[in-house]
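What follows is a single structure, written as structure tokens, with notes after it.
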Amino acid sequence: MPSETCHCIVLRQASRKVSSYYDEALAPLGVNIGQFSLLRNIRRLEPVSLTELAGKVELDRSTVGRNTKVLERMGLVTIGHGEDQREAMLTLTDRGHDLLRQGAPLWDGVQEDIEDRLGPEKTKQLLELLKEL
């Protein structure tokens, strides 16, 4: 099977390309799209347990744990304990909230660039098709 007809290869290539657009836009803030996305999810759910966050972002708990440790070292997230002392609870620091405020227009700009590139109809089709997966 040619690589240009393999759904997995084409989707992975597109994902890497799109991620690079966001990474480039967010670079001045010192974060990548994966980190920015985690911060946004933490903000939406905070305080949020590591287990709940992992379920929300559809990653395994150990991966989310490692990634949030990096965000903690960057001063963007606080990792505390919930009622059950064994469960890590995540909240954003003031610096984390500030970074999200600064990053929002950068993220919006990439969204607009992609939509401009595809046009409204293809953007709508793309979203519908991806939701089907």
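Naming works like this for the structure tokens: A, B, ... for the chains as they're shown, residue 1 at the start of each chain, ligands 1 onward in shown order.
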Margin query: Can you pull out every residue from chain A that DSSP, working from the backbone, puts in alpha helix (DSSP H), and format the result as a VMD selection string?
Written below: chain A and resid 7 to 26 33 to 45 50 to 57 61 to 73 94 to 118 120 to 132
Check: Can you tell me, as a list in words, what residues are no more than 12 Å from Gln102 (chain A) when counting only C-alpha atoms, ignoring any on the same chain fewer than 2 positions away?
Finding: Ala25, Leu26, Ala27, Pro28, Leu29, Gly30, Val31, Phe36, Arg95, Gly96, His97, Asp98, Leu99, Leu100, Ala104, Pro105, Leu106, Trp107 and Asp108 of chain A
Margin query: Among region 7-119 of chain A, which residues does DSSP mark as strand (DSSP E or B) when it is run on the backbone? Keep the chain and numbering as in the structure and answer as number ranges by chain.
Written below: A: 48-49, 77-81, 88-92
Please produce a file of the residues just selected, as a PDB file, in the first residue's frame, where the atoms kept are C-alpha atoms.
ATOM      1  CA  VAL A  48      -8.515  18.492  38.808  1.00  0.00           C
ATOM      2  CA  SER A  49      -7.023  15.157  39.727  1.00  0.00           C
ATOM      3  CA  VAL A  77       1.005  24.444  37.810  1.00  0.00           C
ATOM      4  CA  THR A  78       0.750  23.533  41.468  1.00  0.00           C
ATOM      5  CA  ILE A  79       0.494  19.860  42.337  1.00  0.00           C
ATOM      6  CA  GLY A  80      -1.198  19.288  45.668  1.00  0.00           C
ATOM      7  CA  HIS A  81      -3.268  16.589  47.308  1.00  0.00           C
ATOM      8  CA  ALA A  88      -2.497  14.466  42.990  1.00  0.00           C
ATOM      9  CA  MET A  89      -4.651  17.556  42.419  1.00  0.00           C
ATOM     10  CA  LEU A  90      -3.668  20.188  39.867  1.00  0.00           C
ATOM     11  CA  THR A  91      -4.306  23.908  39.805  1.00  0.00           C
ATOM     12  CA  LEU A  92      -2.818  26.702  37.743  1.00  0.00           C
TER      13      LEU A  92
END
Next item on the list: Fewer than 4 positions away in the same chain doesn't count, so skip those; otherwise give me all residues within 10 Å of Val64 (chain A), counting only C-alpha atoms, as number ranges by chain.
Entry: A: 38, 50-51, 53-55, 57-60, 68-70
Export, as an mmCIF file, in the first residue's frame, the selected residues with N, CA and C atoms.
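See result19.cif below for the written result:
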data_model
loop_
_atom_site.group_PDB
_atom_site.id
_atom_site.type_symbol
_atom_site.label_atom_id
_atom_site.label_comp_id
_atom_site.auth_asym_id
_atom_site.auth_seq_id
_atom_site.Cartn_x
_atom_site.Cartn_y
_atom_site.Cartn_z
ATOM 1 N N LEU A 38 -2.636 21.161 27.790
ATOM 2 C CA LEU A 38 -2.799 20.659 29.162
ATOM 3 C C LEU A 38 -3.182 21.788 30.110
ATOM 4 N N LEU A 50 -5.105 14.183 38.705
ATOM 5 C CA LEU A 50 -4.289 13.676 37.614
ATOM 6 C C LEU A 50 -5.052 12.618 36.818
ATOM 7 N N THR A 51 -5.781 11.768 37.521
ATOM 8 C CA THR A 51 -6.554 10.706 36.872
ATOM 9 C C THR A 51 -7.661 11.286 35.998
ATOM 10 N N LEU A 53 -7.798 14.332 34.704
ATOM 11 C CA LEU A 53 -7.187 15.045 33.581
ATOM 12 C C LEU A 53 -6.733 14.072 32.503
ATOM 13 N N ALA A 54 -6.114 12.982 32.910
ATOM 14 C CA ALA A 54 -5.660 11.973 31.949
ATOM 15 C C ALA A 54 -6.841 11.444 31.132
ATOM 16 N N GLY A 55 -7.963 11.192 31.792
ATOM 17 C CA GLY A 55 -9.151 10.731 31.082
ATOM 18 C C GLY A 55 -9.673 11.771 30.112
ATOM 19 N N VAL A 57 -7.994 14.201 28.565
ATOM 20 C CA VAL A 57 -7.123 14.436 27.409
ATOM 21 C C VAL A 57 -6.772 13.143 26.673
ATOM 22 N N GLU A 58 -7.321 12.034 27.153
ATOM 23 C CA GLU A 58 -7.152 10.726 26.525
ATOM 24 C C GLU A 58 -5.680 10.316 26.401
ATOM 25 N N LEU A 59 -4.953 10.510 27.500
ATOM 26 C CA LEU A 59 -3.577 10.052 27.626
ATOM 27 C C LEU A 59 -3.472 9.211 28.887
ATOM 28 N N ASP A 60 -2.457 8.359 28.955
ATOM 29 C CA ASP A 60 -2.328 7.570 30.171
ATOM 30 C C ASP A 60 -1.844 8.456 31.322
ATOM 31 N N THR A 68 2.871 17.147 33.631
ATOM 32 C CA THR A 68 2.493 18.164 34.626
ATOM 33 C C THR A 68 3.668 18.480 35.557
ATOM 34 N N LYS A 69 4.570 17.525 35.770
ATOM 35 C CA LYS A 69 5.782 17.803 36.564
ATOM 36 C C LYS A 69 6.617 18.882 35.869
ATOM 37 N N VAL A 70 6.708 18.805 34.542
ATOM 38 C CA VAL A 70 7.432 19.827 33.771
ATOM 39 C C VAL A 70 6.752 21.185 33.960
#
Listing only residues of region 56-114 of chain A within 10 Å of region 3-20 of chain A, what is the closest atom pair and its distance in Å (to one decimal) for each, using only C-alpha atoms, sorted by chain and residue number ascending, as a tab-separated table?
residue	atom	partner	partner_atom	distance
A:Val110	CA	A:Val18	CA	9.0
A:Gln111	CA	A:Val18	CA	9.9
A:Ile114	CA	A:Val18	CA	8.5
Could you dump the residues just selected with all heavy atoms as a PDB file, in the first residue's frame?
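Contents of the output file selection01.pdb:
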ATOM      1  N   VAL A 110      -3.404  31.067  14.869  1.00  0.00           N
ATOM      2  CA  VAL A 110      -3.165  29.829  14.115  1.00  0.00           C
ATOM      3  C   VAL A 110      -4.496  29.253  13.645  1.00  0.00           C
ATOM      4  O   VAL A 110      -4.620  28.807  12.499  1.00  0.00           O
ATOM      5  CB  VAL A 110      -2.380  28.797  14.954  1.00  0.00           C
ATOM      6  CG1 VAL A 110      -2.235  27.482  14.201  1.00  0.00           C
ATOM      7  CG2 VAL A 110      -1.017  29.348  15.329  1.00  0.00           C
ATOM      8  N   GLN A 111      -5.498  29.289  14.515  1.00  0.00           N
ATOM      9  CA  GLN A 111      -6.826  28.806  14.132  1.00  0.00           C
ATOM     10  C   GLN A 111      -7.318  29.549  12.888  1.00  0.00           C
ATOM     11  O   GLN A 111      -7.794  28.938  11.931  1.00  0.00           O
ATOM     12  CB  GLN A 111      -7.837  29.044  15.271  1.00  0.00           C
ATOM     13  CG  GLN A 111      -7.640  28.187  16.492  1.00  0.00           C
ATOM     14  CD  GLN A 111      -8.160  26.790  16.283  1.00  0.00           C
ATOM     15  OE1 GLN A 111      -7.382  25.861  16.187  1.00  0.00           O
ATOM     16  NE2 GLN A 111      -9.444  26.622  16.211  1.00  0.00           N
ATOM     17  N   ILE A 114      -5.370  28.600   9.673  1.00  0.00           N
ATOM     18  CA  ILE A 114      -5.787  27.300   9.135  1.00  0.00           C
ATOM     19  C   ILE A 114      -7.140  27.432   8.442  1.00  0.00           C
ATOM     20  O   ILE A 114      -7.344  26.917   7.336  1.00  0.00           O
ATOM     21  CB  ILE A 114      -5.817  26.231  10.240  1.00  0.00           C
ATOM     22  CG1 ILE A 114      -4.386  25.914  10.695  1.00  0.00           C
ATOM     23  CG2 ILE A 114      -6.530  24.964   9.771  1.00  0.00           C
ATOM     24  CD1 ILE A 114      -4.287  25.059  11.938  1.00  0.00           C
TER      25      ILE A 114
END
